[in-house]
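Below you'll find the structure, written out as structure tokens, and then a few comments.
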Amino acid sequence: MINTIKNQYTPDYISPPGETLLEVLEERGMTQAELAERTGRPKKTINEIINGKTAITPETALQLERVLNVPASFWNNREKQYREFLAQQEEKERLEKQVAWMKGIPITAMIKYGWIRRYRDKVEQLREVLNFFAVASPEQCEDIWSRNLVYFRKSQTFQSDFGDVVAWLRRGEIEASEIACAPYDAHKFREALQKIRHLTLETPEIFQPEMVRLCSESGVALVFVPQLPKTRTSGATHWLNSDKALIQLSLRYKTNDNLWFAFFHEAGHILLHGKREIFLEGTGIGSIEDQDKEKEANKFSEDILIPPADLKRFLARVQQLSKANIEQFATEIGIAPGIVVGRLQHDKVLPPSHCNDLKQKWEWSLDGQ
């Protein structure tokens, strides 16, 4: 159950510490001029402190302690609270002008998934969203992610999806930060992929935590993040730092053949391509070089799931494809039969309407959210 957080009480006014200082002077029957003389401060400075135009410095606070017998810590705390209040008021005024930015952010879905809390007050909701992105303002969020996702500048179609994509990617970063990983080791990662390939025969309850463990031991954080309404991507890959890579998977197509192909595709990017780029699948945007990298990652995934020589021999020996011989072939090479069906359909050897019952279908569970 999702609770709406009511507006938290924050005072709309805090008096400047100079007002307290004036009260103390009146109680003591001391003039501003006398205080200035006793502290060695100019009369103008004392007057500006009382009128809130000048801050009480730690040095002045010590002088006030000696003259008025009021602890310096009291004056320092009053000044700190007052300056924080002024900063909060300035921020609130600034954020009030920026709440419209949230129209491009999938707030409802993010609340549904438990990524952020719901606030009635729009400014408080904006603060919550900025906290999620770990930025001080909408401008910083736009700048940071626009630099990382440069292809959004090239596509009118995907500009409207910017908020969904960056929210999905940011959630992946947050979840990945909670996964302790060994320093990246390409050799160990290749070995892990061979072990993970055999997990295609297992249920999600078994293969998911085991995949995460095997990847983390080779320096790759693997996270499963449900897609947002306009993400339209099956997976993404980028490097969190030089020793830690991130593979992020959605369940866009909801069948096991697509999930496993997406995972090994992203793994291919890690092993074959550089550490500076974000590979986001399903956008259809990119240069010829980007498209070549996608083809390389596709081939990597295809070949590791179904070795080309094995597939060639299988197709050569069967006269007509059937569920029985597909299942037999899958058993021989040690993978789930649904993956074989998906590959044969992709290669147009098998009609897209045939043998789909060999595929496993999965849905995200949102229990407890």
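Residue numbering restarts at 1 in every chain; chains get A, B, ... in the order shown in the structure tokens, and ligands count up from 1 in that same order.
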
In stretch 140-271 of chain A, DSSP strand (DSSP E) residues written as a ChimeraX atom specification: /A:220-224,235-241,244-249

Interatomic distance, atom CA of A:Leu350 to atom CA of A:Gln208 (Å, one decimal):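 According to the coordinates, atom CA of A:Leu350 and atom CA of A:Gln208 are separated by 29.0 Å.
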
Residue contacts of A:Glu217 (8 Å, only C-alpha atoms) excluding same-chain residues fewer than 5 positions away, as a compact mmCIF listing (two decimals) with C-alpha atoms, in the first residue's frame:
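Final file, around.txt:
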```
# COMPACT_ATOMS: atom_id res chain seq x y z
CA CYS A 181 31.23 -6.34 -6.98
CA ALA A 182 34.77 -7.57 -7.41
CA LYS A 188 36.05 -14.29 -15.17
```

Contacts of stretch 337-342 of chain A at 6 Å (only C-alpha atoms; same-chain gap of 2+ positions) as a PyMOL selection string: chain A and resi 257+327+330+344-345+358-359

Store the residues of this selection in a file with C-alpha atoms, as an mmCIF file, in the first residue's frame.
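Written out: out-v9.cif:
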```cif
data_model
loop_
_atom_site.group_PDB
_atom_site.id
_atom_site.type_symbol
_atom_site.label_atom_id
_atom_site.label_comp_id
_atom_site.auth_asym_id
_atom_site.auth_seq_id
_atom_site.Cartn_x
_atom_site.Cartn_y
_atom_site.Cartn_z
ATOM 1 C CA ASP A 257 13.773 -16.242 -25.140
ATOM 2 C CA GLU A 327 12.901 -30.010 -27.438
ATOM 3 C CA ALA A 330 17.460 -27.961 -26.777
ATOM 4 C CA LEU A 344 14.168 -20.193 -35.355
ATOM 5 C CA GLN A 345 11.359 -17.653 -35.572
ATOM 6 C CA LEU A 358 7.502 -23.908 -25.528
ATOM 7 C CA LYS A 359 8.334 -20.385 -24.433
#
```

Do you know which residues are at most 7 Å from stretch 295-307 of chain A counting only C-alpha atoms, after dropping those on the same chain fewer than 3 positions away, and could you put them as a tab-separated table (two decimals) with C-alpha atoms, in the first residue's frame?
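What landed in result22.tsv:
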```
chain	number	residue	atom	x	y	z
A	197	ARG	CA	23.87	-20.14	-20.00
A	261	PHE	CA	18.84	-12.90	-25.62
A	264	PHE	CA	23.75	-12.00	-23.48
A	265	HIS	CA	23.41	-9.07	-25.89
A	268	GLY	CA	28.45	-8.72	-25.50
A	269	HIS	CA	28.61	-4.94	-25.24
A	291	GLN	CA	24.46	-0.02	-35.46
A	292	ASP	CA	27.54	-2.14	-36.18
A	310	ASP	CA	25.16	-27.04	-33.62
A	311	LEU	CA	22.32	-25.13	-35.22
```

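Here atom CA of A:Glu191 stands at a distance of 9.0 Å from atom CA of A:Ser218.
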
Near-A:Ile49 list (9 Å; only C-alpha atoms; drop same-chain fewer than 2 positions) as a VMD selection string: chain A and resid 16 to 19 21 44 to 47 51 to 56
